[in-house]
file start06.txt (compact mmCIF, C-alpha atoms and all ligand atoms)
# COMPACT_ATOMS: atom_id res chain seq x y z
CA MET A 1 77.93 119.15 92.44
CA SER A 2 76.64 117.49 95.60
CA THR A 3 73.76 119.07 97.48
CA VAL A 4 74.34 116.80 100.50
CA ASP A 5 76.58 118.15 103.24
CA LYS A 6 79.19 115.43 103.73
CA SER A 7 81.70 117.48 105.66
CA ARG A 8 83.69 115.31 108.04
CA ASP A 9 82.44 117.01 111.20
CA ARG A 10 78.82 116.80 110.14
CA VAL A 11 79.05 113.10 109.22
CA LYS A 12 80.98 112.23 112.37
CA LYS A 13 78.49 114.07 114.60
CA MET A 14 75.51 112.51 112.87
CA PHE A 15 76.81 108.96 113.36
CA ALA A 16 77.83 109.72 116.96
CA GLU A 17 74.21 110.71 117.62
CA ILE A 18 72.62 107.66 116.06
CA ALA A 19 75.27 105.16 117.29
CA PRO A 20 73.21 103.85 120.26
CA ARG A 21 70.35 102.86 117.94
CA TYR A 22 72.22 102.27 114.70
CA ASP A 23 71.97 98.47 114.71
CA LEU A 24 68.29 98.42 115.67
CA LEU A 25 67.45 100.97 112.99
CA ASN A 26 69.46 99.16 110.37
CA HIS A 27 67.71 95.87 110.96
CA VAL A 28 64.21 97.40 111.27
CA LEU A 29 64.49 99.68 108.25
CA SER A 30 65.93 96.95 106.02
CA LEU A 31 63.63 94.24 107.46
CA ASN A 32 66.88 92.52 108.54
CA ILE A 33 67.90 91.97 104.92
CA ASP A 34 71.14 93.86 105.62
CA THR A 35 72.40 90.77 107.51
CA LEU A 36 71.88 88.69 104.39
CA TRP A 37 73.70 91.25 102.21
CA ARG A 38 76.73 91.17 104.50
CA SER A 39 76.79 87.33 104.55
CA ARG A 40 76.74 87.25 100.76
CA THR A 41 79.56 89.77 100.71
CA VAL A 42 81.70 87.62 103.02
CA ARG A 43 81.14 84.56 100.79
CA ALA A 44 81.90 86.49 97.60
CA LEU A 45 85.29 87.62 98.93
CA GLU A 46 86.66 84.05 98.63
CA LEU A 47 89.43 84.75 101.13
CA ASN A 48 92.10 82.06 101.10
CA GLN A 49 95.28 83.72 102.33
CA THR A 50 96.66 84.56 105.75
CA ASP A 51 97.21 88.29 105.17
CA PRO A 52 94.99 90.64 107.16
CA VAL A 53 91.67 92.06 105.97
CA LEU A 54 90.56 95.66 106.48
CA ASP A 55 86.94 96.86 106.72
CA VAL A 56 86.82 100.68 106.48
CA CYS A 57 83.90 102.82 107.71
CA THR A 58 83.19 99.76 109.80
CA GLY A 59 80.72 101.56 112.06
CA THR A 60 79.35 99.07 114.59
CA GLY A 61 81.53 96.41 112.97
CA ASP A 62 79.01 93.98 111.47
CA LEU A 63 80.93 93.23 108.26
CA ALA A 64 84.31 92.96 110.04
CA LEU A 65 82.75 90.64 112.62
CA ALA A 66 81.05 88.52 109.94
CA ILE A 67 84.40 88.07 108.14
CA ALA A 68 86.18 87.24 111.41
CA ARG A 69 83.50 84.67 112.36
CA LYS A 70 83.69 82.89 109.02
CA HIS A 71 87.50 82.70 109.00
CA ARG A 72 88.03 82.41 112.75
CA GLY A 73 91.71 82.86 113.55
CA VAL A 74 93.03 82.31 109.99
CA PHE A 75 93.96 85.98 109.56
CA PRO A 76 93.51 89.19 111.54
CA VAL A 77 90.60 91.49 110.67
CA ILE A 78 90.77 95.22 111.33
CA GLY A 79 87.72 97.48 111.35
CA SER A 80 88.40 101.21 111.07
CA ASP A 81 86.11 104.22 111.47
CA PHE A 82 86.50 107.86 112.50
CA CYS A 83 83.45 107.88 114.81
CA LEU A 84 84.35 106.66 118.28
CA PRO A 85 80.79 105.98 119.54
CA MET A 86 80.22 103.65 116.55
CA LEU A 87 83.53 101.87 117.25
CA GLN A 88 82.62 101.46 120.91
CA ARG A 89 79.54 99.50 119.83
CA ALA A 90 81.70 97.36 117.57
CA ARG A 91 84.13 96.65 120.42
CA SER A 92 81.31 95.65 122.75
CA LYS A 93 80.09 93.05 120.23
CA GLN A 94 83.61 91.71 119.81
CA THR A 95 83.81 90.97 123.52
CA ALA A 96 80.21 89.79 123.94
CA PRO A 97 79.85 86.45 125.74
CA GLY A 98 80.19 83.54 123.31
CA SER A 99 82.21 85.53 120.75
CA GLY A 100 85.42 83.64 121.58
CA ASP A 101 88.68 84.84 120.11
CA LEU A 102 87.71 86.42 116.81
CA ASN A 103 91.08 88.02 116.02
CA VAL A 104 89.39 91.30 115.14
CA SER A 105 90.38 94.78 116.28
CA PHE A 106 88.69 98.14 115.86
CA ILE A 107 90.71 101.30 115.38
CA GLU A 108 89.93 104.99 114.95
CA ALA A 109 91.02 106.10 111.48
CA ASP A 110 89.89 108.34 108.65
CA THR A 111 89.27 106.42 105.42
CA GLU A 112 90.71 109.35 103.48
CA GLN A 113 94.03 108.93 105.31
CA LEU A 114 94.48 105.33 106.33
CA PRO A 115 97.33 104.74 108.81
CA PHE A 116 98.62 101.62 107.01
CA PRO A 117 101.48 100.95 104.61
CA ASP A 118 100.89 100.19 100.94
CA ASN A 119 99.99 96.64 99.86
CA LYS A 120 99.16 95.26 103.32
CA PHE A 121 95.72 93.64 103.08
CA GLN A 122 94.43 90.68 101.04
CA ALA A 123 91.04 92.44 100.92
CA VAL A 124 89.70 95.87 101.78
CA THR A 125 85.95 96.14 102.25
CA VAL A 126 83.36 98.80 102.93
CA ALA A 127 79.63 98.42 103.60
CA PHE A 128 77.29 101.39 103.28
CA GLY A 129 80.25 103.61 104.15
CA ILE A 130 82.03 105.02 101.11
CA ARG A 131 78.91 107.07 100.25
CA ASN A 132 79.46 109.02 103.47
CA VAL A 133 83.12 109.82 102.90
CA SER A 134 83.57 113.50 101.96
CA GLU A 135 85.93 112.81 99.05
CA THR A 136 84.79 109.51 97.54
CA ASN A 137 87.77 109.21 95.20
CA ARG A 138 90.23 109.84 97.96
CA GLY A 139 88.63 107.18 100.17
CA LEU A 140 88.60 104.67 97.31
CA SER A 141 92.21 105.45 96.41
CA GLU A 142 93.26 104.84 100.00
CA MET A 143 91.45 101.49 100.00
CA LEU A 144 93.29 100.59 96.82
CA ARG A 145 96.67 101.75 98.15
CA VAL A 146 96.59 99.52 101.24
CA CYS A 147 95.30 96.49 99.28
CA LYS A 148 97.87 93.93 98.05
CA PRO A 149 98.36 93.53 94.31
CA GLY A 150 95.97 90.76 93.30
CA GLY A 151 93.81 91.52 96.35
CA VAL A 152 90.16 92.49 96.26
CA VAL A 153 88.39 95.75 97.02
CA ALA A 154 84.73 95.17 97.91
CA ILE A 155 82.02 97.79 98.16
CA LEU A 156 78.54 96.96 99.41
CA GLU A 157 76.29 99.94 98.86
CA PHE A 158 72.70 100.95 98.26
CA SER A 159 71.85 101.17 94.58
CA ARG A 160 68.81 102.14 92.59
CA PRO A 161 66.60 99.29 91.37
CA THR A 162 66.02 99.43 87.65
CA PHE A 163 62.77 97.41 87.72
CA PRO A 164 59.85 99.57 86.51
CA GLY A 165 57.39 100.04 89.38
CA LEU A 166 59.86 98.86 91.98
CA SER A 167 62.04 101.92 91.57
CA GLN A 168 59.04 104.19 92.30
CA LEU A 169 58.14 102.11 95.36
CA TYR A 170 61.75 102.26 96.51
CA ASP A 171 61.87 106.04 96.03
CA ALA A 172 58.66 106.47 98.02
CA TYR A 173 59.91 104.24 100.86
CA PHE A 174 63.26 106.02 101.01
CA ARG A 175 61.83 109.49 100.72
CA TRP A 176 58.73 109.31 102.92
CA VAL A 177 58.63 106.22 105.12
CA LEU A 178 62.24 105.64 106.12
CA PRO A 179 63.04 109.17 107.38
CA LYS A 180 59.88 109.14 109.54
CA ILE A 181 60.60 105.76 111.17
CA GLY A 182 64.32 106.60 111.46
CA GLN A 183 63.77 109.92 113.09
CA SER A 184 61.14 108.72 115.53
CA LEU A 185 63.29 105.80 116.66
CA SER A 186 66.61 107.62 116.85
CA LYS A 187 65.42 111.09 117.90
CA ASN A 188 68.23 112.49 115.83
CA ASP A 189 68.09 116.18 115.15
CA GLN A 190 70.69 116.10 112.41
CA SER A 191 68.15 114.59 110.02
CA ALA A 192 70.25 111.48 109.48
CA TYR A 193 67.37 109.71 107.85
CA ASN A 194 66.70 112.57 105.45
CA TYR A 195 70.39 112.52 104.70
CA LEU A 196 70.23 108.80 103.83
CA PRO A 197 67.86 109.01 100.84
CA ALA A 198 69.51 112.19 99.57
CA SER A 199 72.99 110.68 99.76
CA VAL A 200 71.84 107.48 98.01
CA ARG A 201 70.10 109.48 95.28
CA GLU A 202 73.29 111.36 94.49
CA PHE A 203 75.75 108.49 94.77
CA PRO A 204 76.90 106.52 91.71
CA SER A 205 74.99 103.29 91.20
CA GLY A 206 75.52 100.31 88.85
CA ARG A 207 77.62 101.11 85.78
CA ALA A 208 78.56 104.56 87.15
CA MET A 209 80.01 102.98 90.30
CA MET A 210 81.94 100.45 88.24
CA ASP A 211 83.34 103.26 86.08
CA LEU A 212 84.48 105.05 89.21
CA MET A 213 86.24 101.94 90.50
CA GLU A 214 87.96 101.44 87.15
CA SER A 215 88.99 105.09 87.05
CA ILE A 216 90.98 104.73 90.27
CA GLY A 217 92.82 101.69 88.87
CA LEU A 218 90.82 98.59 89.83
CA ARG A 219 90.52 95.90 87.20
CA ASP A 220 88.07 93.07 86.57
CA VAL A 221 85.35 95.17 88.20
CA ARG A 222 82.06 93.29 88.59
CA GLN A 223 78.72 93.88 90.29
CA THR A 224 76.14 91.67 91.97
CA PRO A 225 72.79 93.39 92.52
CA MET A 226 70.95 92.05 95.56
CA THR A 227 67.24 92.17 96.47
CA PHE A 228 66.18 93.53 93.04
CA GLY A 229 69.09 95.97 93.05
CA VAL A 230 68.24 97.73 96.32
CA ALA A 231 71.86 97.05 97.29
CA THR A 232 74.78 96.04 95.09
CA LEU A 233 78.06 94.36 95.84
CA TYR A 234 80.89 95.70 93.67
CA LEU A 235 84.19 93.82 93.53
CA GLY A 236 87.42 94.89 91.88
CA THR A 237 90.93 93.45 91.78
CA LYS A 238 94.09 95.46 92.41
C1 LIG B 1 76.20 103.91 107.41
S1 LIG B 1 77.54 103.60 108.46
C2 LIG B 1 78.04 101.99 107.93
C3 LIG B 1 78.59 101.15 109.03
C4 LIG B 1 78.86 99.69 108.71
N1 LIG B 1 79.89 99.55 107.72
C5 LIG B 1 77.63 98.94 108.33
O1 LIG B 1 77.66 98.18 107.36
O2 LIG B 1 76.61 99.05 109.00
C6 LIG B 1 78.80 104.64 107.80
C7 LIG B 1 80.04 104.75 108.66
O3 LIG B 1 81.04 105.44 107.91
C8 LIG B 1 81.82 106.20 108.82
N2 LIG B 1 82.57 107.20 108.07
C9 LIG B 1 82.11 108.15 107.22
N3 LIG B 1 83.13 108.87 106.71
C10 LIG B 1 84.27 108.34 107.23
C11 LIG B 1 85.64 108.64 107.06
N4 LIG B 1 86.06 109.62 106.26
N5 LIG B 1 86.54 107.90 107.73
C12 LIG B 1 86.14 106.90 108.56
N6 LIG B 1 84.85 106.56 108.77
C13 LIG B 1 83.91 107.27 108.10
C14 LIG B 1 80.80 106.74 109.80
O4 LIG B 1 81.39 107.15 111.00
C15 LIG B 1 79.86 105.55 109.96
O5 LIG B 1 80.22 104.75 111.06
call {"tool": "encode", "arguments": {"input": "start06.txt", "output": "structure tokens"}}
result
Amino acid sequence: MSTVDKSRDRVKKMFAEIAPRYDLLNHVLSLNIDTLWRSRTVRALELNQTDPVLDVCTGTGDLALAIARKHRGVFPVIGSDFCLPMLQRARSKQTAPGSGDLNVSFIEADTEQLPFPDNKFQAVTVAFGIRNVSETNRGLSEMLRVCKPGGVVAILEFSRPTFPGLSQLYDAYFRWVLPKIGQSLSKNDQSAYNYLPASVREFPSGRAMMDLMESIGLRDVRQTPMTFGVATLYLGTK
């Protein structure tokens, strides 16, 4: 039983409040390593078809934009999220000078009820998003439904390092340092950066995440821990 309030309205409001500073906070709190994690994710997808790609819980769009930049024009990329202020940030990056035609679009949609037909996308991705979806299984099942047979579902998510010593350091950083920096920079009164460590603590990590992916019907599920397992990329095939 979860002790973290992940009700849709709460999550939506929290991200709407931190949207203006989300990117800055992300890069500061992760020492910019999040950019590296997303690049590795794009490479691991090995996209070689012309069908579209969907990035759910896209937020300010960094993963969708990274995919679109690497495969410029080969296929359309859609980023979806239910928080409009986050999407507005994503759209402003898409049209930033020098972006060119990236063939990416950002739409408002709930991951638990995706407005797409079955079997549409060659890959469906999510970065640091599925943990925030109220009903994890429902969100994952929707990702699977809209993915083509043979396509890939990719989840980049925080995980818990298993290294002795490092896991204590990680816990201390997440529990004490990160909420303080986060809150002072974002001035968020919904305690978004207390929510972050609590939601990570409760979310499946490693083998448990792979079991969850298999239980919804993904096969050939594999994991790549990054930065000593602080984040993990999980891939599964439909
Ligand atoms: C931590 S942010 C991650 C954003 C981005 N993917 C990234 O890598 O930085 C989580 C995002 O998930 C979105 N989200 C949470 N639950 C959602 C849902 N049920 N449907 C759509 N978006 C959701 C939030 O609005 C937020 O933008």
call {"tool": "residues_around", "arguments": {"input": "start06.txt", "residues": "Val200 in chain A", "least_positions_apart": "3", "cutoff": "8 Å", "atoms": "all atoms listed in the file", "output": "list in words"}}
result
Arg131, Phe158, Ser159, Leu196, Pro197 and Phe203 of chain A
call {"tool": "residues_near_ligand", "arguments": {"input": "start06.txt", "ligand": "ligand LIG 1 (chain B)", "cutoff": "7 Å", "atoms": "all atoms listed in the file", "output": "number ranges by chain"}}
result
A: 8, 11-12, 15, 56-63, 80-83, 86, 109-112, 126-130, 132-134
call {"tool": "closest_residue", "arguments": {"input": "start06.txt", "among": "A:Lys13, A:Val104, A:Ala123, A:Ser30", "to": "Asn48 in chain A", "atoms": "only C-alpha atoms"}}
result
A:Ala123
call {"tool": "closest_residue", "arguments": {"input": "start06.txt", "among": "A:Ile18, A:Tyr173, A:Leu156, A:Phe116", "to": "Ser39 in chain A", "atoms": "all atoms listed in the file"}}
result
A:Leu156
call {"tool": "atom_distance", "arguments": {"input": "start06.txt", "atom1": "CA of Arg89 in chain A", "atom2": "CA of Val124 in chain A"}}
result
21.0 Å
call {"tool": "atom_distance", "arguments": {"input": "start06.txt", "atom1": "CA of Leu65 in chain A", "atom2": "CA of Ser99 in chain A"}}
result
9.6 Å
call {"tool": "residues_around", "arguments": {"input": "start06.txt", "residues": "Thr41 in chain A", "least_positions_apart": "4", "cutoff": "7 Å", "atoms": "only C-alpha atoms", "output": "list in words"}}
result
Trp37, Leu45 and Leu233 of chain A
call {"tool": "closest_residue", "arguments": {"input": "start06.txt", "among": "A:Ser199, A:Phe163, A:Gly182, A:Leu102", "to": "Asn26 in chain A", "atoms": "all atoms listed in the file"}}
result
A:Gly182
call {"tool": "build_atoms", "arguments": {"input": "start06.txt", "residues": "range 98-115 of chain A", "atoms": "N, CA, C and O atoms", "output": "mmCIF file, keeping the file's coordinate frame"}}
result
data_model
loop_
_atom_site.group_PDB
_atom_site.id
_atom_site.type_symbol
_atom_site.label_atom_id
_atom_site.label_comp_id
_atom_site.auth_asym_id
_atom_site.auth_seq_id
_atom_site.Cartn_x
_atom_site.Cartn_y
_atom_site.Cartn_z
ATOM 1 N N GLY A 98 80.392 84.508 124.399
ATOM 2 C CA GLY A 98 80.190 83.540 123.310
ATOM 3 C C GLY A 98 80.913 83.914 122.032
ATOM 4 O O GLY A 98 80.940 83.148 121.078
ATOM 5 N N SER A 99 81.524 85.118 121.986
ATOM 6 C CA SER A 99 82.210 85.530 120.750
ATOM 7 C C SER A 99 83.536 84.786 120.576
ATOM 8 O O SER A 99 84.016 84.646 119.453
ATOM 9 N N GLY A 100 84.129 84.346 121.665
ATOM 10 C CA GLY A 100 85.420 83.640 121.580
ATOM 11 C C GLY A 100 86.487 84.580 121.066
ATOM 12 O O GLY A 100 86.320 85.797 121.063
ATOM 13 N N ASP A 101 87.603 83.996 120.620
ATOM 14 C CA ASP A 101 88.680 84.840 120.110
ATOM 15 C C ASP A 101 88.503 85.020 118.602
ATOM 16 O O ASP A 101 88.777 84.134 117.813
ATOM 17 N N LEU A 102 88.021 86.191 118.227
ATOM 18 C CA LEU A 102 87.710 86.420 116.810
ATOM 19 C C LEU A 102 88.866 87.013 116.028
ATOM 20 O O LEU A 102 88.786 87.168 114.807
ATOM 21 N N ASN A 103 89.938 87.398 116.705
ATOM 22 C CA ASN A 103 91.080 88.020 116.020
ATOM 23 C C ASN A 103 90.645 89.226 115.183
ATOM 24 O O ASN A 103 91.003 89.363 114.021
ATOM 25 N N VAL A 104 89.828 90.066 115.807
ATOM 26 C CA VAL A 104 89.390 91.300 115.140
ATOM 27 C C VAL A 104 89.694 92.468 116.060
ATOM 28 O O VAL A 104 89.606 92.352 117.272
ATOM 29 N N SER A 105 90.134 93.587 115.463
ATOM 30 C CA SER A 105 90.380 94.780 116.280
ATOM 31 C C SER A 105 89.751 95.991 115.592
ATOM 32 O O SER A 105 89.618 96.028 114.359
ATOM 33 N N PHE A 106 89.371 96.958 116.403
ATOM 34 C CA PHE A 106 88.690 98.140 115.860
ATOM 35 C C PHE A 106 89.507 99.377 116.186
ATOM 36 O O PHE A 106 89.832 99.621 117.348
ATOM 37 N N ILE A 107 89.849 100.136 115.159
ATOM 38 C CA ILE A 107 90.710 101.300 115.380
ATOM 39 C C ILE A 107 90.088 102.571 114.790
ATOM 40 O O ILE A 107 89.342 102.517 113.811
ATOM 41 N N GLU A 108 90.444 103.696 115.407
ATOM 42 C CA GLU A 108 89.930 104.990 114.950
ATOM 43 C C GLU A 108 90.810 105.465 113.799
ATOM 44 O O GLU A 108 92.020 105.645 113.985
ATOM 45 N N ALA A 109 90.236 105.634 112.626
ATOM 46 C CA ALA A 109 91.020 106.100 111.480
ATOM 47 C C ALA A 109 90.104 106.690 110.423
ATOM 48 O O ALA A 109 88.971 106.224 110.227
ATOM 49 N N ASP A 110 90.611 107.712 109.750
ATOM 50 C CA ASP A 110 89.890 108.340 108.650
ATOM 51 C C ASP A 110 90.159 107.562 107.362
ATOM 52 O O ASP A 110 91.320 107.327 107.017
ATOM 53 N N THR A 111 89.114 107.182 106.669
ATOM 54 C CA THR A 111 89.270 106.420 105.420
ATOM 55 C C THR A 111 90.019 107.219 104.357
ATOM 56 O O THR A 111 90.617 106.646 103.455
ATOM 57 N N GLU A 112 89.981 108.531 104.473
ATOM 58 C CA GLU A 112 90.710 109.350 103.480
ATOM 59 C C GLU A 112 92.207 109.418 103.768
ATOM 60 O O GLU A 112 92.973 109.965 102.979
ATOM 61 N N GLN A 113 92.613 108.891 104.923
ATOM 62 C CA GLN A 113 94.030 108.930 105.310
ATOM 63 C C GLN A 113 94.313 107.709 106.159
ATOM 64 O O GLN A 113 94.483 107.817 107.370
ATOM 65 N N LEU A 114 94.362 106.565 105.541
ATOM 66 C CA LEU A 114 94.480 105.330 106.330
ATOM 67 C C LEU A 114 95.900 105.180 106.894
ATOM 68 O O LEU A 114 96.873 105.367 106.160
ATOM 69 N N PRO A 115 96.017 104.816 108.175
ATOM 70 C CA PRO A 115 97.330 104.740 108.810
ATOM 71 C C PRO A 115 98.007 103.380 108.581
ATOM 72 O O PRO A 115 98.478 102.742 109.529
#
